[in-house]
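Undergrad: The structure that follows is given in the form of structure tokens.
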Amino acid sequence: MNALEAYFQGEWLIFPAVKHAVAGLARAAAWGYVLVAVLWLMGLVPVLVWNGEIMPVAASAFLVLSMALRAVLTALLLPALYGLALWCHHVLLAGRGLAATRWVLLILLIFAVLHPVCVSYTCLSGKLLFANQALVSVVLYTSLAAVVSLNWFCMAALPLHLRLALLLFVWLLVVQTALSVPVLQLLLPCAGFLPLRGLAHLAPLVVSLPPREGDDK
């Protein structure tokens, strides 16, 4: 076993401080997607009020600000989801899930952390930080959804309705990002709130790591 594999499968993952950090991150993500939906609704107000008319400068500025805040917040939530997914992969999945998807999450976590930087730069400057920047979020969300889907049978201990909600949540993220359908942001908290809040409740209660597949019993 190499150093990275040993590090990410260590007992430190269930230290009280780590578990409480995971719980706090899950809680923040749950309410973060509620805030995303609220920002979308707020941005809809000037569009409805001045429908077909020229908006006042203040209304236009409010619309642009709400769109920028929504974009940055959504970008910030992506590395949070990756961090939570990586922790859950090692701590909650039977056999610690598929080895291949563990490494996929670990490698792509780097790009997920850089994603908010790119989005913030674009919102402030109006320019892309690098070519094909829009494809990064599509790849990241699709990879996350694929990881959840491939590990479906490793999360049999999770109630079926929460598994279905989680699956719906991650694929809604993919569709909303790939097809640019902002209205789907209203559905994200509906699908993601229960699984994320459930994780926030469960994380501090974990007392041991699941045995890896192939471990001696």
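Residues in the structure tokens are named by chain (A, B, ... in the order shown) and by number from 1 within that chain; ligands are numbered from 1 in the order shown.
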Within 9 Å of segment 116-124 of chain A, counting only C-alpha atoms, which residues show up once you throw out same-chain ones fewer than 6 positions away? Write them as a list in words, please.

TA: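 So the residues in contact are Ala68, Leu69, Ala71, Val72, Leu73, Thr74, Ala75, Leu76, Leu77, Leu78, Pro79, Phe130 and Gln133 of chain A.
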
Undergrad: Would you pick out the contacts of Ala59 of chain A at 12 Å or less, using only C-alpha atoms, so that residues sharing its chain but fewer than 2 positions from it are not included, and give the list as a list in words?

TA: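 Those residues are Met42, Gly43, Leu44, Val45, Pro46, Val47, Leu48, Val49, Trp50, Asn51, Glu53, Ile54, Met55, Pro56, Val57, Ala61, Phe62, Leu63, Val64, Leu65 and Ser66 of chain A.
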
Undergrad: Output as a VMD selection string all residues of segment 39-132 of chain A that backbone DSSP marks as alpha helix (DSSP H).

TA: chain A and resid 39 to 49 57 to 91 99 to 125

Undergrad: Name the residues in contact with Val104 of chain A at a cut-off of 9 Å, using only C-alpha atoms, excluding same-chain residues fewer than 6 positions from it; report them as a list in words.

TA: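 Answer for this query is Ser143, Leu144 and Val147 of chain A.
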
Undergrad: Do a neighbour search on segment 164-181 of chain A at 9 Å with only C-alpha atoms, toss out local chain neighbours closer than 5 positions, and write the hits as a ChimeraX atom specification.

TA: /A:134-135,137-142,144-146,148-149,152,159,187-196

Undergrad: Dump N, CA, C and O atoms for the selected residues as a short mmCIF file (atom, residue, chain, number, x, y, z; two decimals), in the first residue's frame?

TA:
data_model
loop_
_atom_site.label_atom_id
_atom_site.label_comp_id
_atom_site.auth_asym_id
_atom_site.auth_seq_id
_atom_site.Cartn_x
_atom_site.Cartn_y
_atom_site.Cartn_z
N ALA A 134 -15.86 26.05 -19.22
CA ALA A 134 -17.22 25.59 -18.94
C ALA A 134 -17.31 24.08 -18.89
O ALA A 134 -18.19 23.53 -18.21
N LEU A 135 -16.40 23.40 -19.58
CA LEU A 135 -16.45 21.94 -19.60
C LEU A 135 -16.00 21.32 -18.28
O LEU A 135 -16.34 20.18 -17.98
N SER A 137 -16.76 22.08 -15.13
CA SER A 137 -17.85 21.79 -14.20
C SER A 137 -18.69 20.62 -14.68
O SER A 137 -19.16 19.80 -13.88
N VAL A 138 -18.89 20.51 -15.99
CA VAL A 138 -19.66 19.38 -16.53
C VAL A 138 -18.96 18.07 -16.23
O VAL A 138 -19.58 17.10 -15.78
N VAL A 139 -17.65 18.04 -16.44
CA VAL A 139 -16.86 16.82 -16.17
C VAL A 139 -16.89 16.49 -14.68
O VAL A 139 -17.07 15.32 -14.29
N LEU A 140 -16.75 17.50 -13.83
CA LEU A 140 -16.72 17.27 -12.39
C LEU A 140 -18.06 16.75 -11.88
O LEU A 140 -18.12 15.80 -11.09
N TYR A 141 -19.15 17.37 -12.31
CA TYR A 141 -20.47 16.92 -11.85
C TYR A 141 -20.80 15.53 -12.41
O TYR A 141 -21.36 14.69 -11.70
N THR A 142 -20.45 15.29 -13.68
CA THR A 142 -20.73 13.99 -14.27
C THR A 142 -19.92 12.89 -13.58
O THR A 142 -20.44 11.80 -13.33
N LEU A 144 -18.84 12.96 -10.48
CA LEU A 144 -19.43 12.76 -9.15
C LEU A 144 -20.68 11.90 -9.23
O LEU A 144 -20.87 10.97 -8.42
N ALA A 145 -21.54 12.19 -10.21
CA ALA A 145 -22.76 11.40 -10.37
C ALA A 145 -22.43 9.95 -10.74
O ALA A 145 -23.09 9.01 -10.27
N ALA A 146 -21.41 9.75 -11.56
CA ALA A 146 -21.00 8.40 -11.93
C ALA A 146 -20.48 7.63 -10.72
O ALA A 146 -20.76 6.44 -10.56
N VAL A 148 -21.34 8.07 -7.56
CA VAL A 148 -22.51 7.71 -6.75
C VAL A 148 -23.25 6.54 -7.37
O VAL A 148 -23.62 5.57 -6.68
N SER A 149 -23.45 6.57 -8.66
CA SER A 149 -24.20 5.52 -9.34
C SER A 149 -23.47 4.18 -9.28
O SER A 149 -24.09 3.13 -9.02
N TRP A 152 -23.78 2.33 -5.96
CA TRP A 152 -25.16 2.15 -5.49
C TRP A 152 -25.30 0.96 -4.55
O TRP A 152 -25.92 1.04 -3.49
N PRO A 159 -31.30 4.00 3.70
CA PRO A 159 -32.69 3.77 3.28
C PRO A 159 -32.89 4.10 1.81
O PRO A 159 -32.27 5.03 1.27
N LEU A 187 -35.01 22.70 -7.79
CA LEU A 187 -35.21 21.31 -7.40
C LEU A 187 -34.04 20.74 -6.60
O LEU A 187 -34.19 19.72 -5.93
N LEU A 188 -32.87 21.39 -6.69
CA LEU A 188 -31.69 20.86 -6.01
C LEU A 188 -31.87 20.73 -4.50
O LEU A 188 -31.55 19.68 -3.94
N PRO A 189 -32.38 21.76 -3.81
CA PRO A 189 -32.58 21.57 -2.36
C PRO A 189 -33.65 20.54 -2.05
O PRO A 189 -33.59 19.87 -1.01
N CYS A 190 -34.63 20.37 -2.95
CA CYS A 190 -35.67 19.37 -2.73
C CYS A 190 -35.08 17.97 -2.71
O CYS A 190 -35.49 17.11 -1.91
N ALA A 191 -34.12 17.71 -3.60
CA ALA A 191 -33.51 16.39 -3.68
C ALA A 191 -32.34 16.23 -2.73
O ALA A 191 -32.13 15.15 -2.17
N GLY A 192 -31.55 17.30 -2.55
CA GLY A 192 -30.32 17.16 -1.79
C GLY A 192 -30.39 17.45 -0.30
O GLY A 192 -29.51 17.05 0.45
N PHE A 193 -31.45 18.13 0.14
CA PHE A 193 -31.49 18.56 1.53
C PHE A 193 -31.51 17.37 2.50
O PHE A 193 -30.74 17.32 3.46
N LEU A 194 -32.39 16.38 2.24
CA LEU A 194 -32.49 15.25 3.17
C LEU A 194 -31.21 14.43 3.24
O LEU A 194 -30.74 14.11 4.35
N PRO A 195 -30.59 14.03 2.11
CA PRO A 195 -29.33 13.28 2.22
C PRO A 195 -28.22 14.07 2.92
O PRO A 195 -27.49 13.50 3.74
N LEU A 196 -28.11 15.35 2.63
CA LEU A 196 -27.04 16.15 3.25
C LEU A 196 -27.29 16.37 4.73
O LEU A 196 -26.37 16.26 5.55
#

Undergrad: Work out how far atom CA of Ala100 of chain A is from atom CA of Phe153 of chain A, in Å to one decimal.

TA: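 Atom-to-atom, atom CA of Phe153 of chain A to atom CA of Ala100 of chain A, that is 15.0 Å.
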
Undergrad: Quick check, in Å to one decimal: how far apart do atom CA of Ala29 of chain A and atom CA of Ala131 of chain A lie?

TA: 28.6 Å

Undergrad: Quick one: pull the distance between atom CA of Val136 of chain A and atom CA of Met155 of chain A, Å, one decimal.

TA: 27.5 Å

Undergrad: Identify, on the basis of only C-alpha atoms, every residue whose closest approach to Leu25 of chain A does not exceed 8 Å; exclude the query and any residue fewer than 4 positions from it along the same chain; express the result as a list in words.

TA: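 The contact residues come out as Ala21, Ala29, Ala80, Leu84 and Ala200 of chain A.
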
Undergrad: Taking into account only C-alpha atoms, which residue in the set A:Cys154, A:Leu162, A:Ile107, A:Ala17 is nearest to Leu92 of chain A?

TA: A:Cys154

Undergrad: Which one of A:Val18, A:Ala112, A:Met67, A:Leu199 sits closest to Ala30 of chain A if you count only C-alpha atoms?

TA: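 Distance minimum relative to Ala30 of chain A lands on A:Leu199.
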
Undergrad: Mind checking which residues fall within 9 Å of Trp40 of chain A, counting only C-alpha atoms, ignoring those fewer than 4 positions away in the same chain, and posting them as a PyMOL selection string?

TA: chain A and resi 35-36+44+66-67+70+182-183+185-186

Undergrad: Those same residues, written as a tab-separated table (two decimals), in the first residue's frame with N, CA, C and O atoms?

TA:
chain	number	residue	atom	x	y	z
A	35	LEU	N	-30.05	28.33	-0.43
A	35	LEU	CA	-29.73	29.72	-0.73
A	35	LEU	C	-29.59	29.93	-2.25
A	35	LEU	O	-29.98	30.99	-2.76
A	36	VAL	N	-29.05	28.94	-2.96
A	36	VAL	CA	-28.95	29.03	-4.42
A	36	VAL	C	-30.35	29.20	-5.02
A	36	VAL	O	-30.56	30.04	-5.91
A	44	LEU	N	-35.28	36.50	-10.34
A	44	LEU	CA	-36.46	36.44	-11.21
A	44	LEU	C	-37.37	37.65	-11.02
A	44	LEU	O	-38.12	38.02	-11.93
A	66	SER	N	-27.21	39.03	-8.38
A	66	SER	CA	-27.79	37.76	-7.95
A	66	SER	C	-27.26	36.60	-8.78
A	66	SER	O	-27.00	35.51	-8.25
A	67	MET	N	-27.06	36.83	-10.08
A	67	MET	CA	-26.51	35.78	-10.94
A	67	MET	C	-25.07	35.46	-10.56
A	67	MET	O	-24.66	34.29	-10.52
A	70	ARG	N	-24.95	33.60	-7.24
A	70	ARG	CA	-25.40	32.23	-7.44
A	70	ARG	C	-24.32	31.37	-8.09
A	70	ARG	O	-24.09	30.23	-7.69
A	182	PRO	N	-31.30	26.86	-15.52
A	182	PRO	CA	-31.25	27.41	-14.16
A	182	PRO	C	-32.46	27.06	-13.30
A	182	PRO	O	-32.35	26.98	-12.07
A	183	VAL	N	-33.63	26.86	-13.93
A	183	VAL	CA	-34.82	26.59	-13.13
A	183	VAL	C	-34.67	25.30	-12.33
A	183	VAL	O	-35.32	25.12	-11.28
A	185	GLN	N	-32.36	24.62	-10.50
A	185	GLN	CA	-31.77	24.95	-9.21
A	185	GLN	C	-32.83	25.00	-8.11
A	185	GLN	O	-32.50	24.90	-6.93
A	186	LEU	N	-34.09	25.17	-8.50
A	186	LEU	CA	-35.17	25.12	-7.50
A	186	LEU	C	-35.38	23.70	-6.98
A	186	LEU	O	-35.89	23.50	-5.87
